[in-house]
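Visitor: My questions will all concern the structure given below.
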Amino acid sequence: MIQRHFDYLVVGAGLFGSVFSHEVMRQGKSCLVIDKRPCVAGNIYTSKVRGIHVHEFGAHIFHTSDREVWDYINQFARFNHFVNSPMAVYKEEIYNLPFNMNTFSRLWGIKTPEEAKAKVGSQVVSLPGGKEASNLEQQALALVGRDIYEKLIKGYTEKQWGRDCVELPAFIIKRIPLRYTYDNNYFTDPYQGIPVDGYTAIVDKLLEGAKVLLGTDYRNFCREQEQCREQGKDCFSWDKVLYTGMIDEYFDFCLGNLAYRSLRFEKEDMPEVDNFQGNAVVNYTEREIPYTRIIEHKHFQFGEGEGTVVTREYPADWEPGMEPYYPVNDEANNQLFAKYQKLAQKEKNVLFGGRLGQYRYYDMDKVIKAALLMAQEEIRSTV
């Protein structure tokens with residue numbers, strides 16, 4: 001029997017697992033990386049169609065204010081200067097996002113910031129007695145008033161979360177930025193762009209030197225390796241596990257199910273169409289339209305590639321067998337997660353990371369930062 005041993009079994013070849021693997025391998029550690037999907041890179045996986053990098057699991061626009069993270073990721077990719085300037089469609093009306101002077105001018109025909117501020121102020125609905133908002137609708141009306149809420153927030157939010165705004169907690173929108181300039185740059189971060197060769201190429205570089213097994217389920221894999229050991233067959237072994245899957249699934253949902261939101265992607269390849277919508281991201285804010293947005297991938301690359309590929313994004317409640325895309329961090333779920341965290345702290349030689357393992361919404365730069373910090377702590381602990 002040949003038993004190939006690794007320092008770490010990394011469960012999930014997404015961004016968190018890949019950054020962690022890269023960093024500990026730089027310090028001489030060995031990593032066996034498994035993923036249930038047939039591809040690396042997790043939700044940032046990009047395929048290539050006629051020169052167009054297609055974001056298969058939703059649009060991913062890299063942005064950060066953290067210079068350390070920006071310098072880090074630029075070791076593995078050259079970024080273009082794409083700036084996210086999404087559009088929103090409500091019925092037959094088209095608006096700029098984020099909410100700025102272009103938006104206000106289209107809504108009300110105003111021209112100056114003073115006019116815009118006065119219009120918003122006239123529509124804001126304050127709660128009597130200084131009470132705090134008890135639901136998302138009250139919060140939105142108190143922040144931006146009726147027009148912006150009804151046309152650009154209500155339907156989109158209800159599709160995104162699968163519930164009426166009056167049933168959603170107010171904390172989801174603690175603040176809504178209103179920009180009294182004609183600047184359509186969605187993010188205020190100084191560093192942003194799209195990797196010229198796609199995100200998959202970044203993860204391929206991060207995982208160089210690791211043993212990678214795709215189409216591999218964690219539970220089944222562990223069972224198979226145990227059986228191989230018992231039968232004297234060739235097998236893998238490891239000292240520690242980094243688990244980036246659902247933390248409640250790791251514990252067999254013994255305390256109950258955490259809530260997640262899922263997504264369904266409907267991709268349409270249009271080889272004969274040069275330009276479908278004129279923008280990378282267009283949101284559809286009416287609840288009656290079932291998808292939240294249409295992504296036209298070639299515009300992330302300033303129109304490069306032949307034909308075009310678009311993806312419609314449909315939000316959905318997560319059910320077993322579906323892909324969990326982001327956690328529902330309301331009070332009840334956060335309390336349940338805290339209980340799972342206590343179980344996780346008792347696990348010997350198991351680390352939990354990423355959106356699903358740490359049950360929090362992470363932008364890509366925050367994923368990288370968290371993975372770097374975990375890897376540094378691991379390296380310190382083994383010196």
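Residues are referred to by chain and number: the chain letter is A, B, ... according to the order shown in the structure tokens, the number counts from 1 in that chain, and ligands are numbered separately from 1 in the order shown.
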As an NGL selection string, please: the residues near stretch 104-110 of chain A (cut-off 9 Å, only C-alpha atoms, same-chain neighbours under 3 positions excluded).
Guide: :A and (93-96 or 99-101 or 113 or 115-116 or 119 or 147-148 or 180)
Visitor: Looking only at the backbone, which of the residues in stretch 247-366 of chain A does DSSP tag as strand (DSSP E), as an MDAnalysis selection string?
Guide: chainID A and resid 260:270 281:284 293:296 308:317 326:327 350:352
Visitor: How about saving the chosen residues, N, CA and C atoms kept, as a CSV table (one decimal), in the first residue's frame?
Guide:
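Wrote again_15.csv, looks like this:
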```csv
chain,number,residue,atom,x,y,z
A,260,TYR,N,-29.7,30.0,3.2
A,260,TYR,CA,-28.9,30.5,2.1
A,260,TYR,C,-29.8,31.0,1.0
A,261,ARG,N,-29.2,31.8,0.1
A,261,ARG,CA,-29.9,32.1,-1.1
A,261,ARG,C,-29.1,31.5,-2.3
A,262,SER,N,-29.9,31.1,-3.3
A,262,SER,CA,-29.2,30.4,-4.4
A,262,SER,C,-29.5,31.3,-5.7
A,263,LEU,N,-28.9,30.9,-6.8
A,263,LEU,CA,-29.0,31.6,-8.0
A,263,LEU,C,-29.1,30.5,-9.1
A,264,ARG,N,-29.9,30.9,-10.2
A,264,ARG,CA,-29.9,30.1,-11.4
A,264,ARG,C,-29.5,31.0,-12.5
A,265,PHE,N,-28.6,30.5,-13.4
A,265,PHE,CA,-28.0,31.2,-14.5
A,265,PHE,C,-28.5,30.7,-15.8
A,266,GLU,N,-29.0,31.5,-16.6
A,266,GLU,CA,-29.5,31.2,-18.0
A,266,GLU,C,-28.6,31.9,-19.0
A,267,LYS,N,-27.7,31.1,-19.6
A,267,LYS,CA,-26.7,31.7,-20.5
A,267,LYS,C,-27.2,31.5,-21.9
A,268,GLU,N,-27.0,32.6,-22.7
A,268,GLU,CA,-27.4,32.6,-24.1
A,268,GLU,C,-26.2,33.0,-25.0
A,269,ASP,N,-25.8,32.1,-25.8
A,269,ASP,CA,-24.7,32.4,-26.8
A,269,ASP,C,-25.3,33.0,-28.0
A,270,MET,N,-24.8,34.2,-28.4
A,270,MET,CA,-25.3,34.9,-29.6
A,270,MET,C,-24.2,35.1,-30.6
A,281,VAL,N,-23.5,45.2,-17.2
A,281,VAL,CA,-24.5,44.8,-16.2
A,281,VAL,C,-25.8,45.7,-16.3
A,282,VAL,N,-26.9,45.1,-16.5
A,282,VAL,CA,-28.2,45.8,-16.5
A,282,VAL,C,-29.1,45.1,-15.6
A,283,ASN,N,-29.6,45.9,-14.5
A,283,ASN,CA,-30.5,45.4,-13.5
A,283,ASN,C,-31.9,45.6,-14.0
A,284,TYR,N,-32.8,44.6,-13.6
A,284,TYR,CA,-34.2,44.7,-13.9
A,284,TYR,C,-35.0,44.8,-12.6
A,293,ARG,N,-30.9,40.6,-13.2
A,293,ARG,CA,-30.0,41.3,-14.1
A,293,ARG,C,-29.6,40.5,-15.3
A,294,ILE,N,-29.2,41.2,-16.3
A,294,ILE,CA,-28.6,40.5,-17.5
A,294,ILE,C,-27.1,41.0,-17.6
A,295,ILE,N,-26.2,40.0,-17.7
A,295,ILE,CA,-24.8,40.3,-17.8
A,295,ILE,C,-24.4,40.1,-19.3
A,296,GLU,N,-23.7,41.0,-19.9
A,296,GLU,CA,-23.1,40.8,-21.2
A,296,GLU,C,-21.6,40.9,-21.0
A,308,THR,N,-21.5,37.6,-29.0
A,308,THR,CA,-21.7,38.0,-27.6
A,308,THR,C,-22.3,36.9,-26.8
A,309,VAL,N,-22.2,36.9,-25.5
A,309,VAL,CA,-22.7,35.9,-24.6
A,309,VAL,C,-23.4,36.7,-23.5
A,310,VAL,N,-24.7,36.4,-23.2
A,310,VAL,CA,-25.4,37.1,-22.1
A,310,VAL,C,-25.8,36.0,-21.1
A,311,THR,N,-26.0,36.5,-19.9
A,311,THR,CA,-26.5,35.6,-18.8
A,311,THR,C,-27.6,36.3,-18.0
A,312,ARG,N,-28.7,35.6,-17.9
A,312,ARG,CA,-29.8,36.1,-17.0
A,312,ARG,C,-29.6,35.5,-15.7
A,313,GLU,N,-29.8,36.3,-14.6
A,313,GLU,CA,-29.5,35.8,-13.3
A,313,GLU,C,-30.9,35.7,-12.5
A,314,TYR,N,-31.2,34.5,-12.1
A,314,TYR,CA,-32.5,34.3,-11.4
A,314,TYR,C,-32.2,34.0,-9.9
A,315,PRO,N,-32.7,34.7,-8.9
A,315,PRO,CA,-32.5,34.4,-7.5
A,315,PRO,C,-33.5,33.3,-7.1
A,316,ALA,N,-33.1,32.5,-6.1
A,316,ALA,CA,-34.0,31.4,-5.7
A,316,ALA,C,-33.6,31.0,-4.2
A,317,ASP,N,-34.6,30.5,-3.5
A,317,ASP,CA,-34.4,29.9,-2.2
A,317,ASP,C,-33.5,28.7,-2.4
A,326,TYR,N,-25.0,32.7,-1.2
A,326,TYR,CA,-24.7,33.6,-0.1
A,326,TYR,C,-25.6,33.4,1.1
A,327,PRO,N,-25.1,33.6,2.3
A,327,PRO,CA,-25.9,33.4,3.5
A,327,PRO,C,-27.0,34.4,3.8
A,350,VAL,N,-9.2,21.0,12.2
A,350,VAL,CA,-10.1,21.4,11.1
A,350,VAL,C,-10.3,22.9,11.2
A,351,LEU,N,-10.1,23.6,10.0
A,351,LEU,CA,-10.3,25.0,9.9
A,351,LEU,C,-11.5,25.2,9.0
A,352,PHE,N,-12.2,26.3,9.2
A,352,PHE,CA,-13.4,26.7,8.4
A,352,PHE,C,-13.2,28.0,7.8
```
Visitor: Compile the contact shell of A:Gly193 as a list in words: residues with an atom at most 7 Å away, counting only C-alpha atoms, same-chain residues fewer than 2 positions apart removed.
Guide: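 These residues fall inside the cut-off: Ile61, Phe62, His63, Phe79, Asn80, His81, Phe82, Val83 and Pro195 of chain A.
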Visitor: Residues of stretch 139-228 of chain A classed as helix (DSSP H, G or I) by DSSP on the backbone are to be reported as a PyMOL selection string.
Guide: chain A and resi 139-144+146-161+165-167+170-173+199-206+218-228
Visitor: Pick the closest to A:Ser65 from A:Glu347, A:Asp365, A:Glu208, A:Glu377: which is it, counting only C-alpha atoms?
Guide: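 Comparing A:Glu347, A:Asp365, A:Glu208, A:Glu377 against A:Ser65, the winner is A:Asp365.
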Visitor: Using only C-alpha atoms, which protein or nucleic acid residues come within 12 Å of A:Glu92? Drop anything in the same chain fewer than 3 positions from it, and give the result as a PyMOL selection string.
Guide: chain A and resi 88-89+95+151+284-286
Visitor: Neighbours of stretch 141-143 of chain A within 7 Å (only C-alpha atoms; same-chain residues fewer than 2 positions away dropped), as a ChimeraX atom specification?
Guide: /A:124-126,137-139,145-146,149,176
Visitor: Provide the atom CA of A:Trp238 to atom CA of A:Tyr359 distance in Å, to one decimal place.
Guide: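 Answer for the atom CA of A:Trp238 to atom CA of A:Tyr359 separation: 25.1 Å.
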Visitor: I'd like to know which of A:Lys342, A:Lys366, A:Arg360, A:Arg67 is closest to A:Pro324, using only C-alpha atoms.
Guide: A:Arg360
Visitor: Any idea what the distance is between atom CA of A:Ile52 and atom CA of A:Gln192?
Guide: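 Distance between the two atoms: 19.3 Å.
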Visitor: Between A:Asn333, A:Asn184, A:Thr64, A:Ser134, which residue has the minimum interatomic distance to A:Ala170, considering only C-alpha atoms?
Guide: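 Checking each of A:Asn333, A:Asn184, A:Thr64, A:Ser134 against A:Ala170, counting only C-alpha atoms, the winner is A:Ser134.
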Visitor: Please determine, counting only C-alpha atoms, which residue among A:Asp7, A:Asp197, A:Glu378, A:Glu319 has the shortest atom-to-atom distance to A:Lys48.
Guide: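 The answer is A:Asp197, which sits nearest to A:Lys48.
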Visitor: Name all residues at most 8 Å from A:Glu167 (count only C-alpha atoms; drop same-chain ones fewer than 3 positions away) and give them as a VMD selection string.
Guide: chain A and resid 135 to 136 163 to 164
Visitor: Show which residues sit within 12 Å of A:Leu258, as JSON, numbers by chain. Count only C-alpha atoms, and ignore same-chain residues fewer than 5 positions away.
Guide: {"A": [246, 247, 248, 249, 250, 251, 252, 253, 317, 318, 319, 320, 324, 326, 327, 328, 329, 330, 331, 332, 333, 334, 335, 336, 337, 338, 339, 340, 356, 357, 358, 359, 360]}
Visitor: Considering only C-alpha atoms, state which residue in the set A:Leu32, A:Val24, A:Met374, A:Ala59 is at the smallest distance from A:Val241.
Guide: A:Leu32
